[in-house]
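Some notes on the structure that comes next.
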Amino acid sequence: MSRDLRKYTSQTNFRLLVGAFALLFVIGLGLIWLIYGLPAAITGLLCLLGSLVPIGLIWLFMFGLDWILKKANPDD
């Protein structure tokens, strides 16, 4: 019985990322809404979405670098 540890690691990292975003958006914004009201929750959502822009740009840059390196070294 063979196990693909890279696939397992990839799945685990993806699930942790989805769980973190779910906690942040659902629980975090839900608590803001309960304590401070809807306008504060909308502002919190805008702040969270705004903070995803630099994270997405960094991820896109790293993905591009990986793609360029794989094109430059087709042996790997």
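Residues in the structure tokens are numbered from 1 in each chain, the chains being A, B, ... in the order shown, and ligands are numbered from 1 in the order shown.
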
Show which residues sit within 12 Å of Trp33 (chain A), as a PDB file with C-alpha atoms, in the first residue's frame. Count only C-alpha atoms, and ignore same-chain residues fewer than 5 positions away.
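Written out: selection28.pdb:
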ATOM      1  CA  PHE A  25     -15.052  35.594   7.394  1.00  0.00           C
ATOM      2  CA  VAL A  26     -17.935  33.703   9.002  1.00  0.00           C
ATOM      3  CA  ILE A  27     -17.093  33.823  12.694  1.00  0.00           C
ATOM      4  CA  GLY A  28     -15.182  37.105  12.640  1.00  0.00           C
ATOM      5  CA  LEU A  38     -24.426  45.601  10.020  1.00  0.00           C
ATOM      6  CA  PRO A  39     -22.524  48.755   8.926  1.00  0.00           C
ATOM      7  CA  ALA A  40     -19.488  47.685  10.947  1.00  0.00           C
ATOM      8  CA  ALA A  41     -19.680  44.167   9.491  1.00  0.00           C
ATOM      9  CA  ILE A  42     -19.751  45.587   5.959  1.00  0.00           C
ATOM     10  CA  THR A  43     -16.740  47.744   6.775  1.00  0.00           C
ATOM     11  CA  GLY A  44     -14.970  44.690   8.195  1.00  0.00           C
ATOM     12  CA  LEU A  45     -15.753  42.761   5.009  1.00  0.00           C
TER      13      LEU A  45
END

Among chain A, which ones does DSSP assign to alpha helix (DSSP H) (computed from the backbone)? Answer as a PyMOL selection string. chain A and resi 5-22+29-36+38-72

Just to be explicit: take each residue in the selection above, keep C-alpha atoms, and write the result as a PDB file, in the first residue's frame.
ATOM      1  CA  LEU A   5       2.639  12.218   0.915  1.00  0.00           C
ATOM      2  CA  ARG A   6       2.890  15.228  -1.394  1.00  0.00           C
ATOM      3  CA  LYS A   7      -0.790  14.943  -2.288  1.00  0.00           C
ATOM      4  CA  TYR A   8      -1.668  14.527   1.397  1.00  0.00           C
ATOM      5  CA  THR A   9       0.372  17.635   2.284  1.00  0.00           C
ATOM      6  CA  SER A  10      -1.255  19.620  -0.504  1.00  0.00           C
ATOM      7  CA  GLN A  11      -4.745  18.567   0.608  1.00  0.00           C
ATOM      8  CA  THR A  12      -3.993  19.370   4.238  1.00  0.00           C
ATOM      9  CA  ASN A  13      -2.625  22.828   3.405  1.00  0.00           C
ATOM     10  CA  PHE A  14      -5.655  23.586   1.235  1.00  0.00           C
ATOM     11  CA  ARG A  15      -8.070  22.492   3.958  1.00  0.00           C
ATOM     12  CA  LEU A  16      -6.250  24.577   6.575  1.00  0.00           C
ATOM     13  CA  LEU A  17      -6.395  27.620   4.302  1.00  0.00           C
ATOM     14  CA  VAL A  18     -10.116  27.166   3.617  1.00  0.00           C
ATOM     15  CA  GLY A  19     -10.787  26.651   7.326  1.00  0.00           C
ATOM     16  CA  ALA A  20      -8.853  29.780   8.269  1.00  0.00           C
ATOM     17  CA  PHE A  21     -10.769  31.883   5.751  1.00  0.00           C
ATOM     18  CA  ALA A  22     -14.065  30.392   6.893  1.00  0.00           C
ATOM     19  CA  LEU A  29     -17.680  39.060  10.610  1.00  0.00           C
ATOM     20  CA  GLY A  30     -20.566  37.381  12.419  1.00  0.00           C
ATOM     21  CA  LEU A  31     -19.242  38.555  15.774  1.00  0.00           C
ATOM     22  CA  ILE A  32     -18.681  42.064  14.438  1.00  0.00           C
ATOM     23  CA  TRP A  33     -22.268  42.059  13.178  1.00  0.00           C
ATOM     24  CA  LEU A  34     -23.656  40.857  16.521  1.00  0.00           C
ATOM     25  CA  ILE A  35     -21.659  43.301  18.616  1.00  0.00           C
ATOM     26  CA  TYR A  36     -21.481  46.424  16.421  1.00  0.00           C
ATOM     27  CA  LEU A  38     -24.426  45.601  10.020  1.00  0.00           C
ATOM     28  CA  PRO A  39     -22.524  48.755   8.926  1.00  0.00           C
ATOM     29  CA  ALA A  40     -19.488  47.685  10.947  1.00  0.00           C
ATOM     30  CA  ALA A  41     -19.680  44.167   9.491  1.00  0.00           C
ATOM     31  CA  ILE A  42     -19.751  45.587   5.959  1.00  0.00           C
ATOM     32  CA  THR A  43     -16.740  47.744   6.775  1.00  0.00           C
ATOM     33  CA  GLY A  44     -14.970  44.690   8.195  1.00  0.00           C
ATOM     34  CA  LEU A  45     -15.753  42.761   5.009  1.00  0.00           C
ATOM     35  CA  LEU A  46     -14.305  45.564   2.888  1.00  0.00           C
ATOM     36  CA  CYS A  47     -11.159  45.591   5.023  1.00  0.00           C
ATOM     37  CA  LEU A  48     -10.785  41.817   4.736  1.00  0.00           C
ATOM     38  CA  LEU A  49     -11.269  41.923   0.979  1.00  0.00           C
ATOM     39  CA  GLY A  50      -8.789  44.784   0.707  1.00  0.00           C
ATOM     40  CA  SER A  51      -6.207  42.815   2.642  1.00  0.00           C
ATOM     41  CA  LEU A  52      -6.556  39.942   0.164  1.00  0.00           C
ATOM     42  CA  VAL A  53      -5.307  42.116  -2.716  1.00  0.00           C
ATOM     43  CA  PRO A  54      -1.615  42.211  -1.665  1.00  0.00           C
ATOM     44  CA  ILE A  55      -1.769  38.544  -0.679  1.00  0.00           C
ATOM     45  CA  GLY A  56      -3.147  37.674  -4.105  1.00  0.00           C
ATOM     46  CA  LEU A  57      -0.509  39.765  -5.852  1.00  0.00           C
ATOM     47  CA  ILE A  58       2.278  38.043  -3.914  1.00  0.00           C
ATOM     48  CA  TRP A  59       0.791  34.635  -4.723  1.00  0.00           C
ATOM     49  CA  LEU A  60       0.504  35.569  -8.410  1.00  0.00           C
ATOM     50  CA  PHE A  61       4.131  36.739  -8.450  1.00  0.00           C
ATOM     51  CA  MET A  62       5.336  33.509  -6.818  1.00  0.00           C
ATOM     52  CA  PHE A  63       3.246  31.406  -9.227  1.00  0.00           C
ATOM     53  CA  GLY A  64       4.752  33.323 -12.150  1.00  0.00           C
ATOM     54  CA  LEU A  65       8.278  32.759 -10.866  1.00  0.00           C
ATOM     55  CA  ASP A  66       7.572  29.050 -10.489  1.00  0.00           C
ATOM     56  CA  TRP A  67       6.215  28.882 -14.032  1.00  0.00           C
ATOM     57  CA  ILE A  68       9.258  30.713 -15.448  1.00  0.00           C
ATOM     58  CA  LEU A  69      11.664  28.432 -13.587  1.00  0.00           C
ATOM     59  CA  LYS A  70       9.864  25.310 -14.787  1.00  0.00           C
ATOM     60  CA  LYS A  71      10.059  26.595 -18.374  1.00  0.00           C
ATOM     61  CA  ALA A  72      13.779  27.327 -17.967  1.00  0.00           C
TER      62      ALA A  72
END
